[in-house]
Amino acid sequence: MAAIAAIAALRNLKEMTRVQSGNAYIYLIGKIALAKNVRRQTEFPPSNNLERIMRVHEIARRIDPIQLMQHLREGLTEMTAHLNDAHMKEFMDTFGPFPGAESATKSLSNLRQITEYFEDGFSRNKIPADRLTDRIIGVEITANVAWGDYTRLLEEVTAAANALVKRFDLRSPH
């Protein structure tokens, strides 16, 4: 009786191992697909206006600072939407933490606040003319920090996605 029970237990163990291996393989295939999707998203992030905006001639920015704020808000919206994409969030939650995530989130929040503060002060004529250039430069510095933190985070995520695909994707050449 003990031998029969041992044989039955061994068969059950083999079946459980086979099922668990199959589940692990299915899980891994899903994570590889997620990594490939995120890798594509980070290689071709949303078109972003921040670099172009910062190259605009200084006089043009001083003549119409509200237009500059509009462009910055559009870029901010694109970056935030990209980081809040369901696939990006799942990848970062699953394979994180990413050191640059906190600073990127904080920088984007700072950019949002400073553009809103600037627009509010400008529309209420609370910014003295002699301080306008300094305030615009402050916004531009904040935008450059946000752009830098955002791109560094994308580089971290891309490196993690590449490493995952390289290590576990049996269909791609190593």
# chains A, B, ... in the order shown; residues from 1 in each chain; ligands from 1

call {"tool": "residues_around", "arguments": {"residues": "Met79 of chain A", "least_positions_apart": "3", "cutoff": "12 Å", "atoms": "only C-alpha atoms", "output": "PyMOL selection string"}}
result
chain A and resi 41-42+45-50+72-76+82-85+88+104-105+107-109+111-112+143+146-151+153-154

call {"tool": "write_last_selection", "arguments": {"atoms": "N, CA, C and O atoms", "output": "short mmCIF file (atom, residue, chain, number, x, y, z; two decimals), in the first residue's frame"}}
result
data_model
loop_
_atom_site.label_atom_id
_atom_site.label_comp_id
_atom_site.auth_asym_id
_atom_site.auth_seq_id
_atom_site.Cartn_x
_atom_site.Cartn_y
_atom_site.Cartn_z
N GLN A 41 8.11 51.83 -26.79
CA GLN A 41 7.63 53.13 -26.32
C GLN A 41 8.77 54.05 -25.89
O GLN A 41 8.69 55.26 -26.06
N THR A 42 9.81 53.48 -25.31
CA THR A 42 10.91 54.32 -24.85
C THR A 42 11.85 54.69 -25.99
O THR A 42 12.51 55.73 -25.93
N PRO A 45 9.55 57.82 -27.84
CA PRO A 45 8.62 58.45 -26.90
C PRO A 45 7.73 59.44 -27.63
O PRO A 45 8.01 59.80 -28.78
N PRO A 46 6.69 59.90 -26.97
CA PRO A 46 5.80 60.87 -27.63
C PRO A 46 6.61 62.07 -28.13
O PRO A 46 7.58 62.46 -27.49
N SER A 47 6.21 62.61 -29.26
CA SER A 47 6.94 63.79 -29.75
C SER A 47 6.85 64.84 -28.67
O SER A 47 5.79 65.06 -28.08
N ASN A 48 7.96 65.43 -28.35
CA ASN A 48 7.97 66.38 -27.25
C ASN A 48 8.54 67.70 -27.72
O ASN A 48 9.55 67.73 -28.41
N ASN A 49 7.88 68.77 -27.33
CA ASN A 49 8.25 70.10 -27.80
C ASN A 49 9.34 70.76 -26.96
O ASN A 49 9.82 71.81 -27.34
N LEU A 50 9.71 70.19 -25.83
CA LEU A 50 10.58 70.92 -24.91
C LEU A 50 11.92 71.28 -25.53
O LEU A 50 12.38 72.42 -25.37
N LEU A 72 5.02 74.51 -23.00
CA LEU A 72 5.56 73.71 -21.89
C LEU A 72 4.47 72.81 -21.31
O LEU A 72 4.73 71.65 -20.99
N ARG A 73 3.26 73.34 -21.17
CA ARG A 73 2.17 72.51 -20.64
C ARG A 73 1.86 71.36 -21.58
O ARG A 73 1.57 70.25 -21.14
N GLU A 74 1.90 71.60 -22.90
CA GLU A 74 1.65 70.52 -23.86
C GLU A 74 2.72 69.44 -23.73
O GLU A 74 2.41 68.24 -23.73
N GLY A 75 3.98 69.84 -23.64
CA GLY A 75 5.05 68.87 -23.45
C GLY A 75 4.90 68.11 -22.15
O GLY A 75 5.10 66.90 -22.09
N LEU A 76 4.53 68.82 -21.10
CA LEU A 76 4.32 68.20 -19.79
C LEU A 76 3.20 67.18 -19.85
O LEU A 76 3.32 66.08 -19.30
N HIS A 82 2.74 59.64 -21.07
CA HIS A 82 3.64 58.54 -21.43
C HIS A 82 4.01 57.73 -20.19
O HIS A 82 3.98 56.50 -20.21
N LEU A 83 4.35 58.40 -19.11
CA LEU A 83 4.73 57.68 -17.89
C LEU A 83 3.54 57.01 -17.21
O LEU A 83 3.71 56.04 -16.48
N ASN A 84 2.33 57.53 -17.46
CA ASN A 84 1.12 56.94 -16.86
C ASN A 84 0.47 55.89 -17.76
O ASN A 84 -0.57 55.34 -17.40
N ASP A 85 1.08 55.63 -18.92
CA ASP A 85 0.57 54.58 -19.80
C ASP A 85 0.52 53.26 -19.03
O ASP A 85 1.41 52.95 -18.23
N MET A 88 3.66 51.07 -19.36
CA MET A 88 4.82 51.66 -18.67
C MET A 88 4.68 51.46 -17.16
O MET A 88 5.63 51.07 -16.49
N ALA A 104 11.89 62.11 -11.61
CA ALA A 104 11.13 62.50 -12.81
C ALA A 104 9.74 62.95 -12.42
O ALA A 104 9.26 63.99 -12.90
N THR A 105 9.08 62.22 -11.54
CA THR A 105 7.74 62.59 -11.09
C THR A 105 7.77 63.94 -10.39
O THR A 105 6.91 64.80 -10.64
N SER A 107 10.04 66.36 -10.71
CA SER A 107 10.37 67.42 -11.67
C SER A 107 9.17 67.80 -12.53
O SER A 107 8.94 68.98 -12.79
N LEU A 108 8.40 66.80 -12.95
CA LEU A 108 7.21 67.10 -13.75
C LEU A 108 6.18 67.86 -12.92
O LEU A 108 5.53 68.79 -13.41
N SER A 109 6.06 67.49 -11.66
CA SER A 109 5.15 68.21 -10.76
C SER A 109 5.62 69.64 -10.56
O SER A 109 4.81 70.58 -10.57
N LEU A 111 7.38 71.43 -12.63
CA LEU A 111 7.14 72.16 -13.88
C LEU A 111 5.68 72.57 -13.98
O LEU A 111 5.37 73.69 -14.38
N ARG A 112 4.79 71.66 -13.62
CA ARG A 112 3.36 71.99 -13.66
C ARG A 112 3.07 73.17 -12.74
O ARG A 112 2.40 74.14 -13.12
N ALA A 143 12.01 73.48 -16.63
CA ALA A 143 11.64 72.64 -17.77
C ALA A 143 12.82 71.78 -18.21
O ALA A 143 12.64 70.60 -18.52
N ALA A 146 13.21 68.97 -15.74
CA ALA A 146 12.15 67.96 -15.95
C ALA A 146 12.45 67.11 -17.17
O ALA A 146 12.32 65.89 -17.13
N TRP A 147 12.87 67.76 -18.26
CA TRP A 147 13.19 67.02 -19.49
C TRP A 147 14.35 66.06 -19.24
O TRP A 147 14.31 64.90 -19.66
N GLY A 148 15.38 66.51 -18.53
CA GLY A 148 16.54 65.66 -18.24
C GLY A 148 16.16 64.46 -17.38
O GLY A 148 16.57 63.33 -17.65
N ASP A 149 15.36 64.70 -16.33
CA ASP A 149 14.94 63.60 -15.45
C ASP A 149 14.07 62.60 -16.20
O ASP A 149 14.19 61.38 -16.02
N TYR A 150 13.19 63.11 -17.04
CA TYR A 150 12.30 62.26 -17.84
C TYR A 150 13.12 61.38 -18.79
O TYR A 150 12.91 60.17 -18.87
N THR A 151 14.06 61.97 -19.51
CA THR A 151 14.85 61.18 -20.46
C THR A 151 15.76 60.18 -19.75
O THR A 151 15.95 59.06 -20.25
N LEU A 153 15.03 58.65 -16.93
CA LEU A 153 14.14 57.56 -16.53
C LEU A 153 13.85 56.65 -17.73
O LEU A 153 13.87 55.43 -17.60
N LEU A 154 13.60 57.24 -18.90
CA LEU A 154 13.36 56.42 -20.08
C LEU A 154 14.58 55.56 -20.41
O LEU A 154 14.43 54.41 -20.81
#

call {"tool": "residues_around", "arguments": {"residues": "Phe91 of chain A", "least_positions_apart": "6", "cutoff": "12 Å", "atoms": "only C-alpha atoms", "output": "ChimeraX atom specification"}}
result
/A:30-39,41-42,83-85,97-98,154,156-158,160-161,164

call {"tool": "closest_residue", "arguments": {"among": "A:Thr94, A:Asn12, A:Thr133, A:Thr142", "to": "Lys106 of chain A", "atoms": "only C-alpha atoms"}}
result
A:Thr142

call {"tool": "atom_distance", "arguments": {"atom1": "atom CA of Asn144 of chain A", "atom2": "atom CA of Phe122 of chain A"}}
result
21.0 Å
